[in-house]
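To start, the structure itself, in structure tokens.
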Amino acid sequence: MPIVQVEGLSKQVANVSDNDTLVLLQNINFSVYPGESIALIGPSGSGKSTLLGLLAGLDDATSGRILIAGKNIFDLDEDARAKLRGEMIGFVFQSFQLLSSLTALENVMIPLEIMGVNDARDIATRILGRVGLEHRLQHYPKQLSGGEQQRVAIARAFAPEPKILLADEPTGNLDRVTGKRIIDLLYELNKEHGTTLVLVTHDESLAEKCDRQLELIDGQLGVESRG
């Protein structure tokens with residue numbers, strides 16, 4: 001059974017400037033199976049990040065549906081979607097999205113504490129060690145390099161052991177060498193945890209490591225290729 005199933009998904013928004021409708025996604029269909037890694041590729045403006053936001057339940061589609069573990073997320077209210085995200089989905093952002101007032105350890109503890117996990121500190125400490133930041137636990141984001149901040153963000157996403165990890169250009173703000181380290185780390189953790197990985201990327205080396213690449217062109221699904 002697919003862990004993610006996208007059926008007839010379309011997204012349109014009103015274009016106020018010329019009183020027209022802007023089509024962001026049109027009749028998207030695909031399935032993702034547990035443990036798979038999928039890269040969403042295509043030129044800027046093709047709808048990749050829009051699709052990722054819909055997969056996370058952060059926006060509503062114009063038509064179609066997305067099934068996460070058999071549940072249509074568009075049938076759920078905001079509270080139920082938030083609960084599903086907490087239980088099933090981790091997210092890694094290009095811009096890290098760390099809270100500047102919290103230490104690396106505290107940032108990673110957040111999703112665990114929201115879930116009511118009793119040993120949140122121990123789990124967060126352990127996974128920060130796994131990403132090579134055991135010596136940076138008490139440092140704030142402004143005291144960390146870009147690569148270190150992204151490693152904290154990855155640790156935060158993996159800490160609750162989500163079934164699905166969504167990543168939006170996870171190497172986009174990093175130099176080539178640091179980006180390669182982040183790529184390797186993502187896939188090491190992906191394999192260790194058996195997580196299903198869906199990522200948006202312009203990085204060919206990252207896309208090629210995925211099981212499949214799905215290309216979006218002008219909001220439509222084009223050629224699918226395998227890694």
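Chain labels follow the order of the structure tokens: the first chain is A, the next B, and so on; residue numbering restarts at 1 in every chain, and ligands are counted from 1 in their shown order.
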May I have all residues of segment 39-74 of chain A that DSSP, computed from the backbone, assigns to strand (DSSP E), given as number ranges by chain?
A: 39-41, 63-68, 71-72
Enumerate, in order of chain and increasing residue number, the residues of segment 58-171 of chain A with an atom no farther than 10 Å from segment 29-32 of chain A, each with its shortest atom pair and distance in Å to one decimal, counting only C-alpha atoms, as CSV.
residue,atom,partner,partner_atom,distance
A:Gly64,CA,A:Asn29,CA,9.2
A:Arg65,CA,A:Asn29,CA,9.5
A:Ile66,CA,A:Asn29,CA,9.4
A:Leu67,CA,A:Ser31,CA,9.3
A:Ile68,CA,A:Val32,CA,9.8
The selected residues should be written to file as a PDB file, in the first residue's frame (atoms: N, CA and C atoms).
ATOM      1  N   GLY A  64      -8.879  17.214  -6.476  1.00  0.00           N
ATOM      2  CA  GLY A  64      -8.046  16.045  -6.266  1.00  0.00           C
ATOM      3  C   GLY A  64      -7.878  15.732  -4.790  1.00  0.00           C
ATOM      4  N   ARG A  65      -7.069  14.744  -4.498  1.00  0.00           N
ATOM      5  CA  ARG A  65      -6.852  14.372  -3.107  1.00  0.00           C
ATOM      6  C   ARG A  65      -5.445  13.819  -2.896  1.00  0.00           C
ATOM      7  N   ILE A  66      -5.020  13.880  -1.635  1.00  0.00           N
ATOM      8  CA  ILE A  66      -3.749  13.298  -1.208  1.00  0.00           C
ATOM      9  C   ILE A  66      -4.048  12.368  -0.045  1.00  0.00           C
ATOM     10  N   LEU A  67      -3.681  11.110  -0.211  1.00  0.00           N
ATOM     11  CA  LEU A  67      -3.862  10.118   0.843  1.00  0.00           C
ATOM     12  C   LEU A  67      -2.524   9.906   1.536  1.00  0.00           C
ATOM     13  N   ILE A  68      -2.484  10.098   2.848  1.00  0.00           N
ATOM     14  CA  ILE A  68      -1.322   9.791   3.666  1.00  0.00           C
ATOM     15  C   ILE A  68      -1.692   8.595   4.533  1.00  0.00           C
TER      16      ILE A  68
END
Which residues are close to Val152 of chain A, i.e. within 7 Å by only C-alpha atoms, leaving aside same-chain residues fewer than 5 positions away? Reply as a list of chain:residue names.
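The neighbour list is A:Ala104, A:Val108, A:Leu128.
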I'd like the interatomic distance between atom CA of Gln150 of chain A and atom CA of Lys48 of chain A, to a tenth of an Å.
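Computed distance, atom CA of Gln150 of chain A to atom CA of Lys48 of chain A, equals 20.4 Å.
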Report as a list in words all protein, DNA and RNA residues lying within 8 Å of segment 80-96 of chain A, evaluated on only C-alpha atoms, omitting residues in the same chain fewer than 4 positions from it.
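So the residues in contact are Ala56, Gly57, Ile73, Leu76, Pro111, Met115, Gln149, Gln150, Ala153, Ile154, Ala157, Phe158, Pro160, Pro162, Lys163, Ile164, Leu165, Leu166, Ala167, Asp168, Glu169, Pro170, Thr171, Gly172 and Asn173 of chain A.
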